[in-house]
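Structure below is protein-v7.cif: mmCIF, C-alpha atoms and all ligand atoms.
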```
data_data
#
loop_
_atom_site.label_atom_id
_atom_site.label_comp_id
_atom_site.auth_asym_id
_atom_site.auth_seq_id
_atom_site.Cartn_x
_atom_site.Cartn_y
_atom_site.Cartn_z
CA MET A 290 0.00 0.00 0.00
CA LYS A 291 1.31 3.40 -0.93
CA MET A 292 0.51 6.27 1.41
CA ILE A 293 0.30 9.93 0.35
CA LYS A 294 0.17 12.23 3.36
CA VAL A 295 -1.41 15.65 2.93
CA ASP A 296 -2.08 18.57 5.27
CA ASN A 297 -5.85 18.65 5.40
CA TYR A 298 -9.23 17.63 3.96
CA GLN A 299 -8.99 20.20 1.18
CA GLN A 300 -5.63 18.85 -0.03
CA MET A 301 -6.84 15.25 0.24
CA SER A 302 -9.83 16.12 -1.95
CA GLU A 303 -7.66 17.90 -4.55
CA LYS A 304 -5.15 15.04 -4.72
CA ALA A 305 -7.92 12.45 -5.01
CA ALA A 306 -9.60 14.41 -7.80
CA GLU A 307 -6.28 14.74 -9.68
CA TYR A 308 -5.78 10.99 -9.34
CA ILE A 309 -9.24 10.18 -10.69
CA ILE A 310 -8.98 12.70 -13.56
CA ASP A 311 -5.67 11.14 -14.58
CA ARG A 312 -7.29 7.70 -14.86
CA VAL A 313 -10.48 8.97 -16.52
CA THR A 314 -8.47 10.69 -19.24
CA LYS A 315 -6.01 7.81 -19.75
CA VAL A 316 -8.23 4.71 -19.54
CA PRO A 317 -10.87 4.67 -22.31
CA GLY A 318 -14.26 3.47 -21.02
CA ILE A 319 -13.02 3.30 -17.43
CA LYS A 320 -15.22 1.59 -14.82
CA LEU A 321 -15.12 3.61 -11.61
CA GLY A 322 -16.20 2.27 -8.24
CA LEU A 323 -17.60 5.12 -6.16
CA ALA A 324 -18.14 5.71 -2.47
CA THR A 325 -20.46 7.92 -0.44
CA GLY A 326 -20.23 9.25 3.11
CA GLY A 327 -18.66 12.53 4.17
CA THR A 328 -15.13 11.77 2.99
CA PRO A 329 -15.47 11.96 -0.82
CA ILE A 330 -17.78 15.01 -0.96
CA GLY A 331 -14.81 17.38 -1.48
CA THR A 332 -13.38 15.10 -4.16
CA TYR A 333 -16.65 15.20 -6.12
CA LYS A 334 -16.67 18.99 -5.75
CA HIS A 335 -13.21 19.21 -7.30
CA LEU A 336 -14.17 16.84 -10.11
CA ILE A 337 -17.15 19.07 -10.92
CA GLU A 338 -14.95 22.19 -10.89
CA ASP A 339 -12.50 20.46 -13.21
CA TYR A 340 -15.35 19.47 -15.52
CA GLN A 341 -16.54 23.08 -15.63
CA ASN A 342 -13.08 24.57 -16.13
CA ASN A 343 -11.30 21.93 -18.22
CA GLY A 344 -14.12 19.92 -19.72
CA THR A 345 -12.93 16.45 -18.64
CA SER A 346 -15.62 14.24 -20.13
CA TYR A 347 -17.39 11.35 -18.40
CA LEU A 348 -19.45 10.29 -21.43
CA ASN A 349 -17.58 7.00 -21.69
CA VAL A 350 -17.31 6.37 -17.96
CA THR A 351 -19.33 3.69 -16.18
CA THR A 352 -19.75 3.82 -12.41
CA PHE A 353 -20.67 1.34 -9.69
CA ASN A 354 -21.40 2.52 -6.18
CA LEU A 355 -20.41 0.45 -3.21
CA ASP A 356 -23.65 0.38 -1.30
CA GLU A 357 -27.17 1.59 -0.56
CA TYR A 358 -29.52 1.66 2.42
CA ILE A 359 -32.34 -0.88 2.40
CA GLY A 360 -35.79 0.67 2.39
CA LEU A 361 -34.90 3.99 0.76
CA SER A 362 -35.86 4.76 -2.83
CA GLY A 363 -33.53 6.69 -5.12
CA GLU A 364 -35.70 9.79 -4.61
CA ASP A 365 -35.20 9.75 -0.86
CA LYS A 366 -32.74 12.50 0.09
CA ASN A 367 -30.81 10.13 2.32
CA SER A 368 -30.37 7.42 -0.29
CA TYR A 369 -26.96 7.02 -1.84
CA ARG A 370 -28.51 7.26 -5.33
CA TYR A 371 -29.79 10.72 -4.42
CA TYR A 372 -26.39 11.66 -2.94
CA MET A 373 -24.57 10.62 -6.12
CA ASN A 374 -26.96 12.46 -8.44
CA ASP A 375 -27.01 15.55 -6.27
CA LEU A 376 -23.31 15.82 -5.45
CA PHE A 377 -21.77 14.52 -8.67
CA PHE A 378 -23.70 13.03 -11.60
CA ASN A 379 -26.11 15.97 -12.13
CA HIS A 380 -23.15 18.30 -12.67
CA ILE A 381 -21.10 16.39 -15.24
CA ASP A 382 -21.78 14.96 -18.70
CA ILE A 383 -22.08 11.34 -17.56
CA ASN A 384 -24.78 9.14 -19.13
CA LYS A 385 -27.00 8.34 -16.11
CA GLU A 386 -27.74 4.91 -17.57
CA LYS A 387 -24.09 4.07 -17.05
CA THR A 388 -24.25 4.97 -13.35
CA HIS A 389 -25.12 2.08 -11.09
CA VAL A 390 -26.08 2.09 -7.43
CA PRO A 391 -27.48 -1.06 -5.81
CA GLN A 392 -31.24 -0.74 -5.35
CA GLY A 393 -32.41 -0.77 -1.77
CA ASP A 394 -36.14 -0.71 -2.38
CA VAL A 395 -36.84 -3.78 -4.47
CA GLY A 396 -38.98 -6.65 -3.16
CA ASP A 397 -36.42 -9.39 -3.65
CA MET A 398 -33.13 -8.14 -2.25
CA GLN A 399 -31.33 -11.46 -2.77
CA THR A 400 -31.98 -11.23 -6.50
CA GLU A 401 -30.77 -7.64 -6.45
CA CYS A 402 -27.49 -8.79 -4.84
CA LEU A 403 -26.93 -11.33 -7.61
CA ARG A 404 -27.94 -8.85 -10.32
CA TYR A 405 -25.50 -6.23 -9.06
CA GLU A 406 -22.58 -8.65 -8.69
CA GLU A 407 -23.20 -9.96 -12.23
CA LEU A 408 -23.55 -6.47 -13.67
CA ILE A 409 -20.08 -5.56 -12.42
CA ALA A 410 -18.61 -8.79 -13.84
CA GLU A 411 -20.40 -8.34 -17.21
CA ASN A 412 -18.82 -4.90 -17.48
CA GLY A 413 -15.37 -6.39 -17.06
CA GLY A 414 -14.92 -5.43 -13.41
CA ILE A 415 -13.91 -2.19 -11.75
CA ASP A 416 -10.74 -0.40 -12.84
CA LEU A 417 -10.48 2.09 -9.98
CA GLN A 418 -12.41 1.78 -6.73
CA ILE A 419 -12.66 4.80 -4.42
CA LEU A 420 -13.04 3.84 -0.76
CA GLY A 421 -13.61 5.50 2.57
CA ILE A 422 -13.19 3.70 5.87
CA GLY A 423 -15.47 3.44 8.88
CA SER A 424 -13.93 4.03 12.31
CA ASN A 425 -14.51 0.31 13.00
CA GLY A 426 -12.64 -0.58 9.79
CA HIS A 427 -15.69 -1.15 7.60
CA ILE A 428 -15.34 -0.72 3.84
CA GLY A 429 -18.51 -0.23 1.84
CA PHE A 430 -20.94 -1.47 4.48
CA ASN A 431 -18.89 -4.59 5.22
CA GLU A 432 -18.88 -4.56 8.99
CA PRO A 433 -16.33 -6.34 11.23
CA GLY A 434 -16.67 -10.12 10.93
CA THR A 435 -17.74 -10.08 7.27
CA SER A 436 -16.17 -12.91 5.28
CA PHE A 437 -13.33 -11.88 3.01
CA GLN A 438 -15.00 -14.14 0.39
CA SER A 439 -18.26 -12.16 0.45
CA LYS A 440 -19.92 -10.94 -2.73
CA THR A 441 -22.67 -8.30 -2.93
CA HIS A 442 -24.86 -9.01 0.09
CA ILE A 443 -27.31 -7.71 2.68
CA VAL A 444 -25.98 -6.48 6.01
CA ASP A 445 -27.21 -5.41 9.43
CA LEU A 446 -25.44 -2.16 10.19
CA ALA A 447 -23.31 -1.98 13.33
CA PRO A 448 -24.68 0.36 16.03
CA SER A 449 -21.52 2.50 15.65
CA THR A 450 -22.18 2.88 11.90
CA ILE A 451 -25.82 3.85 12.49
CA GLU A 452 -24.67 6.40 15.05
CA ALA A 453 -21.92 7.78 12.78
CA ASN A 454 -24.34 8.17 9.86
CA ALA A 455 -27.12 9.71 11.96
CA ARG A 456 -25.59 13.12 11.22
CA PHE A 457 -27.12 12.97 7.74
CA PHE A 458 -30.65 12.26 9.09
CA ASN A 459 -33.08 14.29 11.24
CA GLN A 460 -32.90 11.74 14.02
CA LEU A 461 -31.18 8.49 14.90
CA GLU A 462 -34.41 6.48 14.51
CA GLU A 463 -34.58 7.42 10.81
CA VAL A 464 -31.26 5.75 9.93
CA PRO A 465 -31.95 2.44 8.16
CA THR A 466 -30.60 -0.56 10.04
CA MET A 467 -29.84 -2.62 6.94
CA ALA A 468 -27.97 -2.07 3.72
CA ILE A 469 -26.89 -3.77 0.50
CA THR A 470 -23.18 -3.61 -0.16
CA MET A 471 -20.56 -4.90 -2.56
CA GLY A 472 -18.80 -7.72 -0.75
CA ILE A 473 -15.17 -7.73 0.24
CA SER A 474 -14.23 -10.06 -2.62
CA THR A 475 -16.11 -7.74 -5.02
CA ILE A 476 -14.01 -4.80 -3.81
CA MET A 477 -10.78 -6.81 -3.90
CA LYS A 478 -11.35 -7.69 -7.58
CA SER A 479 -10.92 -4.00 -8.52
CA LYS A 480 -7.73 -3.47 -10.45
CA GLU A 481 -6.80 -0.45 -8.37
CA ILE A 482 -8.04 1.04 -5.09
CA LEU A 483 -7.86 4.61 -3.81
CA LEU A 484 -8.59 4.89 -0.08
CA LEU A 485 -9.36 8.33 1.35
CA VAL A 486 -8.90 8.97 5.05
CA SER A 487 -9.49 12.26 6.80
CA GLY A 488 -9.81 13.47 10.37
CA GLU A 489 -9.01 12.54 13.92
CA SER A 490 -11.96 10.11 14.14
CA LYS A 491 -10.22 7.84 11.60
CA LYS A 492 -6.78 7.91 13.26
CA GLU A 493 -7.18 4.64 15.14
CA ALA A 494 -8.59 2.84 12.09
CA LEU A 495 -5.73 4.01 9.87
CA GLU A 496 -3.16 3.02 12.49
CA LYS A 497 -4.73 -0.45 12.70
CA LEU A 498 -4.71 -0.74 8.92
CA MET A 499 -1.06 0.22 8.62
CA ASN A 500 0.27 -1.80 11.55
CA GLY A 501 -2.25 -4.57 12.28
CA HIS A 502 -2.73 -8.06 10.87
CA VAL A 503 -5.07 -9.10 8.08
CA ASP A 504 -8.14 -10.17 10.04
CA GLU A 505 -11.87 -10.40 9.28
CA LYS A 506 -12.49 -8.53 12.54
CA PHE A 507 -11.09 -5.47 10.77
CA PRO A 508 -12.45 -5.53 7.18
CA ALA A 509 -10.10 -2.89 5.71
CA SER A 510 -7.08 -5.03 6.69
CA ILE A 511 -7.67 -7.15 3.55
CA LEU A 512 -6.41 -4.21 1.49
CA LYS A 513 -2.89 -5.22 2.55
CA ASN A 514 -3.29 -8.21 0.20
CA HIS A 515 -4.25 -6.06 -2.80
CA PRO A 516 -1.43 -5.31 -5.25
CA HIS A 517 -2.41 -1.73 -6.08
CA VAL A 518 -3.72 0.37 -3.19
CA THR A 519 -3.03 4.08 -2.73
CA ILE A 520 -4.06 5.81 0.49
CA ILE A 521 -4.45 9.58 0.64
CA ALA A 522 -4.63 10.59 4.28
CA ASP A 523 -4.58 13.95 5.99
CA LYS A 524 -2.42 14.87 8.98
CA ALA A 525 -5.27 14.60 11.46
CA ALA A 526 -5.79 10.95 10.50
CA VAL A 527 -2.15 9.92 10.61
CA ALA A 528 -0.67 8.91 13.96
CA ASP A 529 2.36 11.01 14.99
C1 LIG B 601 -20.25 4.81 5.38
C2 LIG B 601 -20.31 4.27 3.94
C3 LIG B 601 -18.93 3.93 3.46
C4 LIG B 601 -18.01 5.05 3.89
C5 LIG B 601 -17.80 4.98 5.38
C6 LIG B 601 -17.12 6.20 5.96
O1 LIG B 601 -21.15 4.22 6.23
N1 LIG B 601 -21.17 3.16 3.71
O2 LIG B 601 -18.94 3.72 2.05
O3 LIG B 601 -16.78 4.95 3.25
O4 LIG B 601 -19.01 4.68 6.03
O5 LIG B 601 -17.97 7.29 5.98
P1 LIG B 601 -17.51 8.79 6.15
O6 LIG B 601 -16.74 9.12 4.93
O7 LIG B 601 -18.77 9.59 6.26
O8 LIG B 601 -16.67 8.84 7.38
#
```

Write-out of the structure in structure tokens:
Amino acid sequence: MKMIKVDNYQQMSEKAAEYIIDRVTKVPGIKLGLATGGTPIGTYKHLIEDYQNNGTSYLNVTTFNLDEYIGLSGEDKNSYRYYMNDLFFNHIDINKEKTHVPQGDVGDMQTECLRYEELIAENGGIDLQILGIGSNGHIGFNEPGTSFQSKTHIVDLAPSTIEANARFFNQLEEVPTMAITMGISTIMKSKEILLLVSGESKKEALEKLMNGHVDEKFPASILKNHPHVTIIADKAAVAD
């Protein structure tokens, strides 16, 4: 794993955007794996600015998001589909039909898991996956204890994840307790991974990732076994 240390959130977002733009312009028809949460918001902002100023085109880009809450439709302001449209897709020239987010509001969620996993495979897999990390080491919504062999699946969210994500909702009770997420093996199949880490609240998780063992109790630890991982972390997240 290669680590790029930057001063703050702003710099992390700029560096991440530069990294993504480089791949989007060099790899024709790139398949991007995208993340939500607070961490990549600044990155999407920079990508939009670059699109407006330099015209980097996303017409040939296909995207796959990591996860979605169960029970929320794409029109719900707290769904990850809404987040992606609102904070990124609506502001660039991407073909919306090439943007994929697992659906959290279909009757048969098991079928949706299979459909999503197959869709990624049919498209030739993900070239560059953007990741954040939960303070308990979760990636996507793969909570501690998730099998490293897992494919797209349904999860019960950890109480700490529900609490951490409550900041996006009016009240804690509104946070869905279940989600659909790419599995750990799905994520590991990506050709390249870019992990973004910012802030004091992620310090312990990053320290564990850098110095701990590969263990299902800490999902992100599997990234140590991936041949092409770059971490962009800000000072506040890096242990002294
Ligand atoms: C969320 C998301 C993840 C995200 C992580 C960190 O629950 N499902 O995809 O990377 O947890 O979130 P944040 O960036 O808000 O700290």

Item checked: Selected residue of minimal separation from ligand LIG 601 (chain B) among A:Phe458, A:Phe507, A:Phe430, A:Tyr340, counting all atoms listed in the file -> A:Phe430

Anything within 9 Å of (-18.9, 7.5, -16.3): list those residues as a JSON list (two decimals) with C-alpha atoms, keeping the file's coordinate frame, counting all atoms listed in the file and sticking to the file's coordinates.
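As written to disk, part_5.json reads:
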```
[["chain", "number", "residue", "atom", "x", "y", "z"],
["A", 313, "VAL", "CA", -10.48, 8.97, -16.52],
["A", 318, "GLY", "CA", -14.26, 3.47, -21.02],
["A", 319, "ILE", "CA", -13.02, 3.30, -17.43],
["A", 320, "LYS", "CA", -15.22, 1.59, -14.82],
["A", 321, "LEU", "CA", -15.12, 3.61, -11.61],
["A", 346, "SER", "CA", -15.62, 14.24, -20.13],
["A", 347, "TYR", "CA", -17.39, 11.35, -18.40],
["A", 348, "LEU", "CA", -19.45, 10.29, -21.43],
["A", 349, "ASN", "CA", -17.58, 7.00, -21.69],
["A", 350, "VAL", "CA", -17.31, 6.37, -17.96],
["A", 351, "THR", "CA", -19.33, 3.69, -16.18],
["A", 352, "THR", "CA", -19.75, 3.82, -12.41],
["A", 378, "PHE", "CA", -23.70, 13.03, -11.60],
["A", 382, "ASP", "CA", -21.78, 14.96, -18.70],
["A", 383, "ILE", "CA", -22.08, 11.34, -17.56],
["A", 384, "ASN", "CA", -24.78, 9.14, -19.13],
["A", 385, "LYS", "CA", -27.00, 8.34, -16.11],
["A", 387, "LYS", "CA", -24.09, 4.07, -17.05],
["A", 388, "THR", "CA", -24.25, 4.97, -13.35]]
```

Expected answer as a compact mmCIF listing (two decimals) with C-alpha atoms, in the coordinates of the input: all residues with atoms within 8 Å of (-24.0, -3.4, 9.7), only C-alpha atoms:
```
# COMPACT_ATOMS: atom_id res chain seq x y z
CA PHE A 430 -20.94 -1.47 4.48
CA ASN A 431 -18.89 -4.59 5.22
CA GLU A 432 -18.88 -4.56 8.99
CA VAL A 444 -25.98 -6.48 6.01
CA ASP A 445 -27.21 -5.41 9.43
CA LEU A 446 -25.44 -2.16 10.19
CA ALA A 447 -23.31 -1.98 13.33
CA PRO A 448 -24.68 0.36 16.03
CA THR A 450 -22.18 2.88 11.90
CA ILE A 451 -25.82 3.85 12.49
CA THR A 466 -30.60 -0.56 10.04
CA MET A 467 -29.84 -2.62 6.94
CA ALA A 468 -27.97 -2.07 3.72
```

Next item on the list: Enumerate residues in contact with ligand LIG 601 (chain B): an atom-to-atom distance of at most 8 Å, counting only C-alpha atoms and all ligand atoms. Format the result as a PyMOL selection string.
Entry: chain A and resi 324-329+355-357+420-424+427-430+450-451+453-454+486-487+491

C-alpha atoms of the current selection, written as a tab-separated table (two decimals), in the frame of the given file:
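New file result.tsv:
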```
chain	number	residue	atom	x	y	z
A	324	ALA	CA	-18.14	5.71	-2.47
A	325	THR	CA	-20.46	7.92	-0.44
A	326	GLY	CA	-20.23	9.25	3.11
A	327	GLY	CA	-18.66	12.53	4.17
A	328	THR	CA	-15.13	11.77	2.99
A	329	PRO	CA	-15.47	11.96	-0.82
A	355	LEU	CA	-20.41	0.45	-3.21
A	356	ASP	CA	-23.65	0.38	-1.30
A	357	GLU	CA	-27.17	1.59	-0.56
A	420	LEU	CA	-13.04	3.84	-0.76
A	421	GLY	CA	-13.61	5.50	2.57
A	422	ILE	CA	-13.19	3.70	5.87
A	423	GLY	CA	-15.47	3.44	8.88
A	424	SER	CA	-13.93	4.03	12.31
A	427	HIS	CA	-15.69	-1.15	7.60
A	428	ILE	CA	-15.34	-0.72	3.84
A	429	GLY	CA	-18.51	-0.23	1.84
A	430	PHE	CA	-20.94	-1.47	4.48
A	450	THR	CA	-22.18	2.88	11.90
A	451	ILE	CA	-25.82	3.85	12.49
A	453	ALA	CA	-21.92	7.78	12.78
A	454	ASN	CA	-24.34	8.17	9.86
A	486	VAL	CA	-8.90	8.97	5.05
A	487	SER	CA	-9.49	12.26	6.80
A	491	LYS	CA	-10.22	7.84	11.60
```

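Reported to one decimal place, the separation of atom CA of Asn354 of chain A from atom CA of Ile511 of chain A is 19.4 Å.
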
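Neighbours of Tyr298 of chain A closer than or equal to 7 Å, with only C-alpha atoms counted and sequence neighbours fewer than 3 positions away skipped, come out as Met301, Ser302, Ser487 and Asp523 of chain A.
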
Check: Which residue gives the smallest distance to Gln418 of chain A among A:Glu338, A:Glu496, A:Glu481, A:Asp504, with only C-alpha atoms counted?
Finding: A:Glu481

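Relative to atom CA of Leu512 of chain A, atom CA of Cys402 of chain A is found at 22.5 Å.
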
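Taking all atoms listed in the file, the non-local environment of Gln300 of chain A within 12 Å (same-chain residues fewer than 5 positions away omitted) comprises Ile293, Lys294, Val295, Ala305, Ala306, Glu307, Gly331, Thr332, His335, Leu485, Val486, Ser487, Ile521, Ala522, Asp523 and Lys524 of chain A.
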
Checklist line | All residues 12 Å or closer to Asp375 of chain A, only C-alpha atoms, same chain fewer than 3 positions away omitted, as a list in words | finding: Thr325, Ile330, Tyr333, Lys334, Ile337, Gly363, Glu364, Asp365, Lys366, Asn367, Ser368, Tyr369, Arg370, Tyr371, Tyr372, Phe378, Asn379, His380 and Ile381 of chain A

Residues just named, written with C-alpha atoms as a PDB file, in the coordinates of the input:
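Written output follows (again.pdb):
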```
ATOM      1  CA  THR A 325     -20.460   7.920  -0.440  1.00  0.00           C
ATOM      2  CA  ILE A 330     -17.780  15.010  -0.960  1.00  0.00           C
ATOM      3  CA  TYR A 333     -16.650  15.200  -6.120  1.00  0.00           C
ATOM      4  CA  LYS A 334     -16.670  18.990  -5.750  1.00  0.00           C
ATOM      5  CA  ILE A 337     -17.150  19.070 -10.920  1.00  0.00           C
ATOM      6  CA  GLY A 363     -33.530   6.690  -5.120  1.00  0.00           C
ATOM      7  CA  GLU A 364     -35.700   9.790  -4.610  1.00  0.00           C
ATOM      8  CA  ASP A 365     -35.200   9.750  -0.860  1.00  0.00           C
ATOM      9  CA  LYS A 366     -32.740  12.500   0.090  1.00  0.00           C
ATOM     10  CA  ASN A 367     -30.810  10.130   2.320  1.00  0.00           C
ATOM     11  CA  SER A 368     -30.370   7.420  -0.290  1.00  0.00           C
ATOM     12  CA  TYR A 369     -26.960   7.020  -1.840  1.00  0.00           C
ATOM     13  CA  ARG A 370     -28.510   7.260  -5.330  1.00  0.00           C
ATOM     14  CA  TYR A 371     -29.790  10.720  -4.420  1.00  0.00           C
ATOM     15  CA  TYR A 372     -26.390  11.660  -2.940  1.00  0.00           C
ATOM     16  CA  PHE A 378     -23.700  13.030 -11.600  1.00  0.00           C
ATOM     17  CA  ASN A 379     -26.110  15.970 -12.130  1.00  0.00           C
ATOM     18  CA  HIS A 380     -23.150  18.300 -12.670  1.00  0.00           C
ATOM     19  CA  ILE A 381     -21.100  16.390 -15.240  1.00  0.00           C
TER      20      ILE A 381
END
```

Checklist line | Minimum-distance residue to Tyr405 of chain A, chosen among A:Phe457, A:Tyr308, A:Phe353, A:Phe437 (using only C-alpha atoms) | finding: A:Phe353

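Of note, atom CA of Leu417 of chain A and atom CA of Leu323 of chain A are spaced 8.6 Å apart.
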
Next item on the list: Check the smallest atom-to-atom distance from each of A:Gly414, A:Gly393, A:Ile482, A:Ala526 to Asn514 of chain A using all atoms listed in the file, then report the winner.
Entry: A:Ile482

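The shortest atom-to-atom distance to Asn412 of chain A, with only C-alpha atoms taken into account, belongs to A:His389 out of A:Ala455, A:Glu505, A:His389, A:Thr400.
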
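Once Asp397 of chain A and its same-chain neighbours fewer than 4 positions away are set aside, Ile359, Gly360, Gln392, Gly393, Glu401, Cys402, Leu403, Arg404, Ile443 and Ile469 of chain A remain within 12 Å of it when counting all atoms listed in the file.
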
Margin query: Give me the residues near Lys513 of chain A as a PyMOL selection string, where near means some atom within 12 Å (using only C-alpha atoms) and where sequence neighbours in that chain fewer than 6 positions away do not count.
Written below: chain A and resi 290-291+477+482+484+497-504+507+519-520

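Nearest to Ile415 of chain A of all the residues A:Gly488, A:Gly322, A:Pro391, A:Pro465 is A:Gly322, based on only C-alpha atoms.
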
Can I get segment 301-313 of chain A with N, CA and C atoms filled in, as a PDB file, in the coordinates of the input?
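Dumped everything to part32.pdb:
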```pdb
ATOM      1  N   MET A 301      -6.507  16.645   0.537  1.00  0.00           N
ATOM      2  CA  MET A 301      -6.840  15.250   0.240  1.00  0.00           C
ATOM      3  C   MET A 301      -7.823  15.193  -0.934  1.00  0.00           C
ATOM      4  N   SER A 302      -8.813  16.097  -0.901  1.00  0.00           N
ATOM      5  CA  SER A 302      -9.830  16.120  -1.950  1.00  0.00           C
ATOM      6  C   SER A 302      -9.221  16.499  -3.296  1.00  0.00           C
ATOM      7  N   GLU A 303      -8.316  17.486  -3.290  1.00  0.00           N
ATOM      8  CA  GLU A 303      -7.660  17.900  -4.550  1.00  0.00           C
ATOM      9  C   GLU A 303      -6.837  16.774  -5.131  1.00  0.00           C
ATOM     10  N   LYS A 304      -6.020  16.136  -4.268  1.00  0.00           N
ATOM     11  CA  LYS A 304      -5.150  15.040  -4.720  1.00  0.00           C
ATOM     12  C   LYS A 304      -5.982  13.889  -5.282  1.00  0.00           C
ATOM     13  N   ALA A 305      -7.076  13.558  -4.574  1.00  0.00           N
ATOM     14  CA  ALA A 305      -7.920  12.450  -5.010  1.00  0.00           C
ATOM     15  C   ALA A 305      -8.541  12.770  -6.368  1.00  0.00           C
ATOM     16  N   ALA A 306      -8.997  14.015  -6.522  1.00  0.00           N
ATOM     17  CA  ALA A 306      -9.600  14.410  -7.800  1.00  0.00           C
ATOM     18  C   ALA A 306      -8.561  14.332  -8.918  1.00  0.00           C
ATOM     19  N   GLU A 307      -7.351  14.812  -8.659  1.00  0.00           N
ATOM     20  CA  GLU A 307      -6.280  14.740  -9.680  1.00  0.00           C
ATOM     21  C   GLU A 307      -6.044  13.295 -10.106  1.00  0.00           C
ATOM     22  N   TYR A 308      -6.026  12.422  -9.114  1.00  0.00           N
ATOM     23  CA  TYR A 308      -5.780  10.990  -9.340  1.00  0.00           C
ATOM     24  C   TYR A 308      -6.859  10.399 -10.257  1.00  0.00           C
ATOM     25  N   ILE A 309      -8.109  10.727  -9.927  1.00  0.00           N
ATOM     26  CA  ILE A 309      -9.240  10.180 -10.690  1.00  0.00           C
ATOM     27  C   ILE A 309      -9.240  10.756 -12.112  1.00  0.00           C
ATOM     28  N   ILE A 310      -8.986  12.063 -12.238  1.00  0.00           N
ATOM     29  CA  ILE A 310      -8.980  12.700 -13.560  1.00  0.00           C
ATOM     30  C   ILE A 310      -7.905  12.061 -14.435  1.00  0.00           C
ATOM     31  N   ASP A 311      -6.750  11.796 -13.836  1.00  0.00           N
ATOM     32  CA  ASP A 311      -5.670  11.140 -14.580  1.00  0.00           C
ATOM     33  C   ASP A 311      -6.150   9.821 -15.180  1.00  0.00           C
ATOM     34  N   ARG A 312      -6.828   9.012 -14.368  1.00  0.00           N
ATOM     35  CA  ARG A 312      -7.290   7.700 -14.860  1.00  0.00           C
ATOM     36  C   ARG A 312      -8.416   7.862 -15.882  1.00  0.00           C
ATOM     37  N   VAL A 313      -9.340   8.779 -15.609  1.00  0.00           N
ATOM     38  CA  VAL A 313     -10.480   8.970 -16.520  1.00  0.00           C
ATOM     39  C   VAL A 313      -9.994   9.404 -17.899  1.00  0.00           C
TER      40      VAL A 313
END
```
